[in-house]
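The file data_29.cif comes next; it holds mmCIF, C-alpha atoms.
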data_input
loop_
_atom_site.group_PDB
_atom_site.id
_atom_site.type_symbol
_atom_site.label_atom_id
_atom_site.label_comp_id
_atom_site.auth_asym_id
_atom_site.auth_seq_id
_atom_site.Cartn_x
_atom_site.Cartn_y
_atom_site.Cartn_z
ATOM 1 C CA MET A 1 4.970 166.006 -46.755
ATOM 2 C CA MET A 2 3.242 162.642 -47.126
ATOM 3 C CA LYS A 3 5.113 159.801 -45.439
ATOM 4 C CA LEU A 4 5.190 156.549 -47.409
ATOM 5 C CA PRO A 5 4.950 153.245 -45.585
ATOM 6 C CA ASN A 6 8.204 151.274 -45.623
ATOM 7 C CA ILE A 7 6.855 148.658 -48.026
ATOM 8 C CA GLN A 8 6.082 151.349 -50.611
ATOM 9 C CA MET A 9 9.502 152.916 -50.076
ATOM 10 C CA ILE A 10 11.195 149.545 -50.614
ATOM 11 C CA THR A 11 9.141 148.993 -53.781
ATOM 12 C CA ILE A 12 10.187 152.406 -55.104
ATOM 13 C CA VAL A 13 13.838 151.821 -54.197
ATOM 14 C CA VAL A 14 13.891 148.372 -55.798
ATOM 15 C CA GLY A 15 12.185 149.788 -58.884
ATOM 16 C CA VAL A 16 14.902 152.432 -59.182
ATOM 17 C CA LEU A 17 17.921 150.286 -58.338
ATOM 18 C CA LEU A 18 17.271 147.023 -60.143
ATOM 19 C CA PRO A 19 17.544 148.413 -63.675
ATOM 20 C CA MET A 20 20.663 150.368 -62.690
ATOM 21 C CA GLN A 21 24.163 149.076 -62.365
ATOM 22 C CA CYS A 22 25.594 152.167 -60.796
ATOM 23 C CA ILE A 23 26.077 151.332 -57.149
ATOM 24 C CA LEU A 24 28.726 148.664 -56.978
ATOM 25 C CA VAL A 25 30.413 147.281 -53.941
ATOM 26 C CA HIS A 26 33.931 147.277 -55.337
ATOM 27 C CA GLY A 27 35.908 144.150 -54.556
ATOM 28 C CA GLN A 28 33.135 142.521 -52.538
ATOM 29 C CA ASN A 29 30.692 139.759 -53.366
ATOM 30 C CA THR A 30 28.093 140.822 -50.832
ATOM 31 C CA ALA A 31 24.446 141.457 -51.554
ATOM 32 C CA PHE A 32 23.320 145.080 -51.598
ATOM 33 C CA ASP A 33 21.546 145.990 -48.355
ATOM 34 C CA LEU A 34 18.369 147.927 -49.244
ATOM 35 C CA THR A 35 17.856 148.957 -45.625
ATOM 36 C CA LYS A 36 20.872 151.285 -45.978
ATOM 37 C CA LEU A 37 18.763 153.380 -48.343
ATOM 38 C CA LEU A 38 15.888 153.880 -45.961
ATOM 39 C CA PRO A 39 15.985 157.013 -43.825
ATOM 40 C CA LYS A 40 17.024 156.488 -40.232
ATOM 41 C CA THR A 41 15.210 158.266 -37.441
ATOM 42 C CA GLY A 42 17.140 161.236 -36.081
ATOM 43 C CA THR A 43 19.667 161.551 -38.893
ATOM 44 C CA GLU A 44 20.636 164.924 -40.328
ATOM 45 C CA PRO A 45 18.525 165.934 -43.357
ATOM 46 C CA VAL A 46 20.374 165.329 -46.634
ATOM 47 C CA TRP A 47 19.877 168.984 -47.695
ATOM 48 C CA SER A 48 21.798 170.150 -44.607
ATOM 49 C CA VAL A 49 24.622 167.767 -45.497
ATOM 50 C CA ILE A 50 24.622 168.964 -49.125
ATOM 51 C CA ASP A 51 24.663 172.638 -48.108
ATOM 52 C CA ARG A 52 27.656 171.973 -45.877
ATOM 53 C CA ASN A 53 29.654 169.868 -48.381
ATOM 54 C CA LEU A 54 28.796 171.460 -51.741
ATOM 55 C CA PRO A 55 31.354 174.312 -51.455
ATOM 56 C CA GLN A 56 34.185 171.747 -51.583
ATOM 57 C CA VAL A 57 32.931 170.440 -54.962
ATOM 58 C CA GLN A 58 32.267 173.996 -56.198
ATOM 59 C CA GLU A 59 35.878 174.924 -55.353
ATOM 60 C CA MET A 60 37.133 171.939 -57.387
ATOM 61 C CA ILE A 61 34.936 172.968 -60.343
ATOM 62 C CA THR A 62 36.006 176.632 -60.109
ATOM 63 C CA THR A 63 39.702 175.676 -60.039
ATOM 64 C CA ALA A 64 39.251 173.420 -63.088
ATOM 65 C CA ARG A 65 37.226 176.101 -64.873
ATOM 66 C CA MET A 66 39.840 178.807 -64.318
ATOM 67 C CA GLY A 67 42.578 176.522 -65.673
ATOM 68 C CA CYS A 68 40.456 175.705 -68.719
ATOM 69 C CA ILE A 69 39.624 179.367 -69.344
ATOM 70 C CA GLU A 70 43.346 180.153 -69.362
ATOM 71 C CA LYS A 71 44.177 177.139 -71.552
ATOM 72 C CA LEU A 72 41.534 178.089 -74.142
ATOM 73 C CA GLY A 73 42.335 181.805 -74.068
ATOM 74 C CA LEU A 74 38.854 182.824 -72.934
ATOM 75 C CA PRO A 75 38.200 185.999 -70.908
ATOM 76 C CA LYS A 76 38.671 185.664 -67.143
ATOM 77 C CA ASP A 77 35.089 186.880 -66.650
ATOM 78 C CA GLN A 78 33.728 184.087 -68.885
ATOM 79 C CA ARG A 79 30.004 183.584 -68.294
ATOM 80 C CA PRO A 80 28.868 180.373 -66.565
ATOM 81 C CA LEU A 81 27.621 177.921 -69.190
ATOM 82 C CA MET A 82 25.185 175.798 -67.192
ATOM 83 C CA LYS A 83 22.088 177.473 -68.672
ATOM 84 C CA VAL A 84 23.499 178.744 -71.971
ATOM 85 C CA THR A 85 21.619 177.021 -74.805
ATOM 86 C CA ASN A 86 23.677 178.385 -77.733
ATOM 87 C CA PRO A 87 27.311 178.658 -76.617
ATOM 88 C CA SER A 88 30.147 179.296 -79.057
ATOM 89 C CA GLU A 89 32.291 176.348 -80.136
ATOM 90 C CA LYS A 90 35.042 177.558 -77.781
ATOM 91 C CA GLU A 91 32.550 177.642 -74.889
ATOM 92 C CA LYS A 92 31.465 174.080 -75.695
ATOM 93 C CA CYS A 93 35.128 173.105 -75.502
ATOM 94 C CA LEU A 94 35.350 174.901 -72.152
ATOM 95 C CA ALA A 95 32.589 172.593 -70.893
ATOM 96 C CA GLU A 96 34.560 169.606 -72.213
ATOM 97 C CA CYS A 97 37.758 170.787 -70.529
ATOM 98 C CA VAL A 98 36.034 171.307 -67.170
ATOM 99 C CA LEU A 99 34.117 168.010 -67.266
ATOM 100 C CA LYS A 100 37.291 166.113 -68.172
ATOM 101 C CA LYS A 101 39.445 167.938 -65.573
ATOM 102 C CA ILE A 102 37.017 166.950 -62.812
ATOM 103 C CA GLN A 103 36.786 163.490 -64.409
ATOM 104 C CA LEU A 104 33.024 163.634 -64.950
ATOM 105 C CA MET A 105 33.507 162.984 -68.671
ATOM 106 C CA ASP A 106 35.656 160.079 -69.826
ATOM 107 C CA GLU A 107 37.801 159.516 -72.927
ATOM 108 C CA ASN A 108 34.781 158.008 -74.736
ATOM 109 C CA ASN A 109 32.842 161.269 -74.270
ATOM 110 C CA LYS A 110 30.417 159.760 -71.766
ATOM 111 C CA LEU A 111 29.712 160.681 -68.174
ATOM 112 C CA ASN A 112 31.954 158.728 -65.820
ATOM 113 C CA LEU A 113 29.515 156.941 -63.492
ATOM 114 C CA SER A 114 32.249 156.098 -61.009
ATOM 115 C CA GLN A 115 33.090 159.798 -60.604
ATOM 116 C CA VAL A 116 29.383 160.715 -60.394
ATOM 117 C CA GLU A 117 29.132 158.204 -57.567
ATOM 118 C CA LYS A 118 32.260 159.566 -55.825
ATOM 119 C CA LEU A 119 31.195 163.216 -56.029
ATOM 120 C CA THR A 120 27.632 162.468 -54.910
ATOM 121 C CA SER A 121 28.975 160.394 -52.032
ATOM 122 C CA LEU A 122 31.289 163.261 -51.037
ATOM 123 C CA VAL A 123 28.516 165.856 -51.128
ATOM 124 C CA THR A 124 25.865 163.711 -49.400
ATOM 125 C CA GLN A 125 28.151 161.826 -46.988
ATOM 126 C CA ASP A 126 27.477 158.514 -48.748
ATOM 127 C CA ASN A 127 23.675 158.837 -48.975
ATOM 128 C CA LYS A 128 22.840 155.720 -51.021
ATOM 129 C CA MET A 129 19.537 157.104 -52.322
ATOM 130 C CA ALA A 130 21.188 160.305 -53.573
ATOM 131 C CA ILE A 131 23.964 158.256 -55.200
ATOM 132 C CA ALA A 132 21.411 156.001 -56.907
ATOM 133 C CA ILE A 133 19.435 158.961 -58.219
ATOM 134 C CA SER A 134 22.558 160.791 -59.438
ATOM 135 C CA CYS A 135 23.868 157.713 -61.205
ATOM 136 C CA SER A 136 20.482 157.060 -62.770
ATOM 137 C CA MET A 137 20.369 160.639 -64.086
ATOM 138 C CA ALA A 138 23.917 160.311 -65.448
ATOM 139 C CA GLN A 139 22.978 157.058 -67.190
ATOM 140 C CA SER A 140 19.974 158.806 -68.704
ATOM 141 C CA CYS A 141 22.213 161.628 -69.973
ATOM 142 C CA ASN A 142 24.631 159.044 -71.429
ATOM 143 C CA ARG A 143 21.831 157.183 -73.221
ATOM 144 C CA SER A 144 20.529 160.436 -74.719
ATOM 145 C CA SER A 145 23.923 161.581 -76.009
ATOM 146 C CA SER A 146 24.747 160.746 -79.599
ATOM 147 C CA SER A 147 27.469 163.269 -80.389
ATOM 148 C CA LYS A 148 30.867 162.027 -81.545
ATOM 149 C CA SER A 149 32.485 165.435 -80.969
ATOM 150 C CA ALA A 150 33.889 165.812 -77.454
ATOM 151 C CA CYS A 151 32.914 169.497 -77.264
ATOM 152 C CA GLU A 152 29.359 168.818 -78.515
ATOM 153 C CA ALA A 153 28.974 165.918 -76.072
ATOM 154 C CA ALA A 154 30.209 168.118 -73.225
ATOM 155 C CA HIS A 155 27.692 170.824 -74.135
ATOM 156 C CA PHE A 156 24.912 168.217 -74.153
ATOM 157 C CA PHE A 157 26.024 166.868 -70.758
ATOM 158 C CA ASN A 158 26.315 170.398 -69.411
ATOM 159 C CA GLN A 159 22.681 171.019 -70.362
ATOM 160 C CA CYS A 160 21.531 167.614 -69.087
ATOM 161 C CA ILE A 161 23.375 167.984 -65.750
ATOM 162 C CA GLY A 162 22.163 171.579 -65.440
ATOM 163 C CA ARG A 163 18.523 170.506 -65.808
ATOM 164 C CA GLN A 164 18.987 167.768 -63.207
ATOM 165 C CA LEU A 165 20.714 170.099 -60.735
ATOM 166 C CA GLU A 166 18.085 172.792 -61.238
ATOM 167 C CA HIS A 167 15.301 170.250 -60.752
ATOM 168 C CA SER A 168 16.998 169.112 -57.521
ATOM 169 C CA LYS A 169 17.641 172.734 -56.463
ATOM 170 C CA VAL A 170 21.392 172.086 -56.187
ATOM 171 C CA LYS A 171 23.424 175.215 -56.947
ATOM 172 C CA LEU A 172 26.692 174.473 -58.752
ATOM 173 C CA ILE A 173 28.182 176.832 -61.331
ATOM 174 C CA TRP A 174 30.576 176.217 -64.194
#

Would it be possible to restate this file's structure as C-alpha coordinates?
Amino acid sequence: MMKLPNIQMITIVVGVLLPMQCILVHGQNTAFDLTKLLPKTGTEPVWSVIDRNLPQVQEMITTARMGCIEKLGLPKDQRPLMKVTNPSEKEKCLAECVLKKIQLMDENNKLNLSQVEKLTSLVTQDNKMAIAISCSMAQSCNRSSSSKSACEAAHFFNQCIGRQLEHSKVKLIW
(Lines of atoms letter the chains of each structure in order from A and count residues from 1; the text may use other names and numbers.)
(Lines give C-alpha, C1' and ligand atoms only; values in the text may rest on other atoms or scores of the structure.)
Protein backbone atom coordinates (compact mmCIF):
# COMPACT_ATOMS: atom_id res chain seq x y z
CA MET A 1 0.00 0.00 0.00
CA MET A 2 1.36 3.42 -0.96
CA LYS A 3 1.90 5.71 2.02
CA LEU A 4 0.88 9.33 1.45
CA PRO A 5 2.94 12.11 2.97
CA ASN A 6 1.16 13.92 5.80
CA ILE A 7 0.63 17.08 3.76
CA GLN A 8 -1.27 15.10 1.10
CA MET A 9 -3.29 13.33 3.79
CA ILE A 10 -4.23 16.67 5.37
CA THR A 11 -5.23 18.03 1.94
CA ILE A 12 -7.44 14.99 1.34
CA VAL A 13 -8.98 15.21 4.81
CA VAL A 14 -9.67 18.94 4.48
CA GLY A 15 -11.14 18.36 1.03
CA VAL A 16 -13.52 15.76 2.47
CA LEU A 17 -14.46 17.54 5.70
CA LEU A 18 -14.88 21.16 4.67
CA PRO A 19 -17.95 20.63 2.48
CA MET A 20 -19.50 18.39 5.14
CA GLN A 21 -21.27 19.44 8.26
CA CYS A 22 -21.49 16.02 9.78
CA ILE A 23 -18.91 15.95 12.53
CA LEU A 24 -20.04 18.40 15.15
CA VAL A 25 -18.60 18.96 18.55
CA HIS A 26 -21.88 19.17 20.41
CA GLY A 27 -22.05 21.95 22.97
CA GLN A 28 -18.50 23.15 22.36
CA ASN A 29 -17.13 26.12 20.46
CA THR A 30 -13.74 24.58 19.81
CA ALA A 31 -12.06 24.27 16.45
CA PHE A 32 -11.96 20.80 14.91
CA ASP A 33 -8.53 19.21 15.36
CA LEU A 34 -7.50 17.66 12.02
CA THR A 35 -4.60 15.82 13.66
CA LYS A 36 -7.16 13.53 15.35
CA LEU A 37 -7.94 12.14 11.91
CA LEU A 38 -4.40 11.19 11.06
CA PRO A 39 -3.35 7.64 11.88
CA LYS A 40 -1.21 7.26 14.97
CA THR A 41 1.77 4.94 14.97
CA GLY A 42 1.09 1.67 16.76
CA THR A 43 -2.69 1.93 16.93
CA GLU A 44 -4.93 -1.04 16.20
CA PRO A 45 -6.04 -1.22 12.54
CA VAL A 46 -9.59 0.07 12.07
CA TRP A 47 -10.66 -3.21 10.39
CA SER A 48 -9.74 -5.14 13.55
CA VAL A 49 -11.83 -2.72 15.61
CA ILE A 50 -14.76 -3.02 13.18
CA ASP A 51 -14.60 -6.83 13.18
CA ARG A 52 -14.72 -6.82 16.97
CA ASN A 53 -17.54 -4.26 17.35
CA LEU A 54 -19.79 -4.97 14.35
CA PRO A 55 -21.65 -7.90 15.99
CA GLN A 56 -23.14 -5.48 18.56
CA VAL A 57 -24.68 -3.37 15.75
CA GLN A 58 -25.77 -6.51 13.85
CA GLU A 59 -27.57 -7.74 16.99
CA MET A 60 -29.43 -4.40 17.25
CA ILE A 61 -30.43 -4.62 13.56
CA THR A 62 -31.52 -8.27 13.88
CA THR A 63 -33.66 -7.50 16.94
CA ALA A 64 -35.31 -4.57 15.13
CA ARG A 65 -35.81 -6.68 12.00
CA MET A 66 -37.48 -9.53 13.87
CA GLY A 67 -39.88 -7.09 15.56
CA CYS A 68 -40.70 -5.50 12.21
CA ILE A 69 -41.23 -8.87 10.54
CA GLU A 70 -43.74 -9.77 13.26
CA LYS A 71 -45.43 -6.35 13.09
CA LEU A 72 -45.86 -6.57 9.30
CA GLY A 73 -46.91 -10.22 9.30
CA LEU A 74 -44.01 -11.35 7.13
CA PRO A 75 -42.57 -14.89 7.30
CA LYS A 76 -39.97 -15.48 10.03
CA ASP A 77 -37.52 -16.64 7.35
CA GLN A 78 -37.89 -13.35 5.43
CA ARG A 79 -35.00 -12.87 3.01
CA PRO A 80 -32.46 -10.12 3.76
CA LEU A 81 -33.25 -7.07 1.63
CA MET A 82 -29.85 -5.40 1.35
CA LYS A 83 -29.27 -6.56 -2.24
CA VAL A 84 -32.86 -7.07 -3.39
CA THR A 85 -33.53 -4.65 -6.27
CA ASN A 86 -37.27 -5.36 -6.72
CA PRO A 87 -38.78 -6.02 -3.28
CA SER A 88 -42.53 -6.16 -2.70
CA GLU A 89 -44.23 -3.12 -1.18
CA LYS A 90 -44.40 -4.96 2.17
CA GLU A 91 -40.64 -5.63 2.00
CA LYS A 92 -39.99 -1.94 1.30
CA CYS A 93 -42.02 -1.18 4.42
CA LEU A 94 -39.92 -3.72 6.32
CA ALA A 95 -36.84 -1.68 5.37
CA GLU A 96 -38.61 1.46 6.61
CA CYS A 97 -39.56 -0.20 9.90
CA VAL A 98 -36.01 -1.43 10.53
CA LEU A 99 -34.34 1.86 9.58
CA LYS A 100 -36.73 3.80 11.81
CA LYS A 101 -36.43 1.34 14.73
CA ILE A 102 -32.65 1.73 14.73
CA GLN A 103 -33.15 5.47 14.19
CA LEU A 104 -31.19 5.60 10.93
CA MET A 105 -34.20 7.09 9.14
CA ASP A 106 -35.98 10.11 10.61
CA GLU A 107 -39.59 11.31 10.47
CA ASN A 108 -38.80 13.31 7.30
CA ASN A 109 -37.73 10.11 5.51
CA LYS A 110 -34.06 11.07 5.44
CA LEU A 111 -31.05 9.35 6.93
CA ASN A 112 -30.38 10.61 10.44
CA LEU A 113 -26.79 11.88 10.30
CA SER A 114 -26.51 12.01 14.08
CA GLN A 115 -27.34 8.29 14.32
CA VAL A 116 -24.97 7.49 11.43
CA GLU A 117 -22.27 9.26 13.41
CA LYS A 118 -23.16 7.42 16.64
CA LEU A 119 -23.23 3.96 15.05
CA THR A 120 -20.00 4.55 13.12
CA SER A 121 -18.34 5.83 16.28
CA LEU A 122 -19.52 2.73 18.16
CA VAL A 123 -18.25 0.33 15.51
CA THR A 124 -14.91 2.10 14.90
CA GLN A 125 -14.24 3.28 18.48
CA ASP A 126 -14.61 6.93 17.47
CA ASN A 127 -12.42 6.81 14.34
CA LYS A 128 -12.93 10.35 13.00
CA MET A 129 -12.04 9.44 9.41
CA ALA A 130 -14.54 6.56 9.35
CA ILE A 131 -17.21 8.84 10.86
CA ALA A 132 -16.51 11.52 8.25
CA ILE A 133 -16.72 9.03 5.40
CA SER A 134 -19.92 7.43 6.73
CA CYS A 135 -21.59 10.79 7.21
CA SER A 136 -20.52 11.92 3.76
CA MET A 137 -22.01 8.76 2.23
CA ALA A 138 -25.25 9.27 4.19
CA GLN A 139 -25.44 12.88 2.98
CA SER A 140 -24.96 11.65 -0.57
CA CYS A 141 -27.79 9.13 -0.12
CA ASN A 142 -30.01 11.89 1.31
CA ARG A 143 -29.29 14.22 -1.61
CA SER A 144 -30.11 11.47 -4.11
CA SER A 145 -33.43 10.54 -2.49
CA SER A 146 -36.53 12.17 -3.90
CA SER A 147 -39.26 9.81 -2.73
CA LYS A 148 -42.09 11.16 -0.59
CA SER A 149 -43.23 7.66 0.40
CA ALA A 150 -41.53 6.41 3.56
CA CYS A 151 -41.36 2.82 2.27
CA GLU A 152 -39.94 3.91 -1.11
CA ALA A 153 -37.38 6.16 0.60
CA ALA A 154 -36.37 3.31 2.90
CA HIS A 155 -35.89 0.98 -0.08
CA PHE A 156 -33.72 3.62 -1.77
CA PHE A 157 -31.65 4.09 1.41
CA ASN A 158 -31.38 0.33 1.83
CA GLN A 159 -29.89 0.08 -1.67
CA CYS A 160 -27.65 3.13 -1.17
CA ILE A 161 -26.36 1.91 2.23
CA GLY A 162 -25.93 -1.61 0.84
CA ARG A 163 -23.72 -0.35 -2.00
CA GLN A 164 -21.62 1.68 0.44
CA LEU A 165 -21.22 -1.23 2.87
CA GLU A 166 -20.36 -3.63 0.05
CA HIS A 167 -17.82 -1.18 -1.35
CA SER A 168 -16.27 -0.90 2.14
CA LYS A 169 -16.46 -4.69 2.64
CA VAL A 170 -18.54 -4.26 5.82
CA LYS A 171 -20.90 -7.19 6.36
CA LEU A 172 -24.23 -6.16 7.91
CA ILE A 173 -27.50 -7.90 7.06
CA TRP A 174 -31.08 -6.71 7.27

Take atom CA of Ser145 of chain A and atom CA of Phe157 of chain A and report the distance between them in Å, one decimal.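 If I compute the distance from atom CA of Ser145 of chain A to atom CA of Phe157 of chain A, I get 7.7 Å.
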
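Taking only C-alpha atoms into account, the residues near (36.2, 161.1, -62.4), no farther than 7 Å, are Ile102, Gln103, Leu104, Asn112, Ser114 and Gln115 of chain A.
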
So how far away is atom CA of Ser121 of chain A from atom CA of Cys151 of chain A, in Å?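 Between atom CA of Cys151 of chain A and atom CA of Ser121 of chain A the gap works out to 27.1 Å.
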
One decimal, Å: what's the distance from atom CA of Leu81 of chain A over to atom CA of Asn127 of chain A, could you say? 28.1 Å

Hey, what comes out of the PyMOL selection byres ((chain A and resi 74) around 12) on this file? Could you write it as number ranges by chain? A: 65-73, 75-79, 88-94

Taking the file above as input, evaluate the PyMOL selection byres ((chain A and resi 111) around 8) and report the hits as a list of chain:residue names.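 When the PyMOL selection byres ((chain A and resi 111) around 8) is applied, the selected residues are A:Leu104, A:Met105, A:Asp106, A:Asn109, A:Lys110, A:Asn112, A:Leu113, A:Val116, A:Ala138, A:Gln139, A:Cys141, A:Asn142, A:Phe157.
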
Where does the PyMOL selection byres ((chain A and resi 83) around 9) land in this file, that is, which residues does it pick, as a list in words?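 So the PyMOL selection byres ((chain A and resi 83) around 9) ends up selecting Pro80, Leu81, Met82, Val84, Thr85, Asn158, Gln159, Gly162 and Arg163 of chain A.
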
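Using only C-alpha atoms, the smallest distance between any of A:Ala132, A:Ala64, A:Ile50, A:Ile161 and Lys100 of chain A comes from A:Ala64.
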
Using all atoms listed in the file, determine which residues lie at most 9 Å from Gln125 of chain A, disregarding the query and same-chain residues fewer than 3 positions distant; provide the list as a list of chain:residue names. A:Val46, A:Val49, A:Ile50, A:Asn53, A:Thr120, A:Ser121, A:Leu122

Using all atoms listed in the file, can you tell me which of A:Pro55, A:Cys160, A:Thr63, A:Ser48 comes closest to Ser140 of chain A?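 Looking only at the distances to Ser140 of chain A, the closest residue turns out to be A:Cys160.
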
Which polymer residues, whether protein, DNA or RNA, lie within 9 Å of the coordinate (35.9, 168.1, -54.7) when you count all atoms listed in the file? List them as a ChimeraX atom specification, using the chain letters and numbers from the file. /A:54-61,102,119,122-123

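Minimum atom-to-atom distance to Gln164 of chain A, evaluated using only C-alpha atoms, belongs to A:Met137 out of A:Met137, A:Ile131, A:Asn86, A:Val98.
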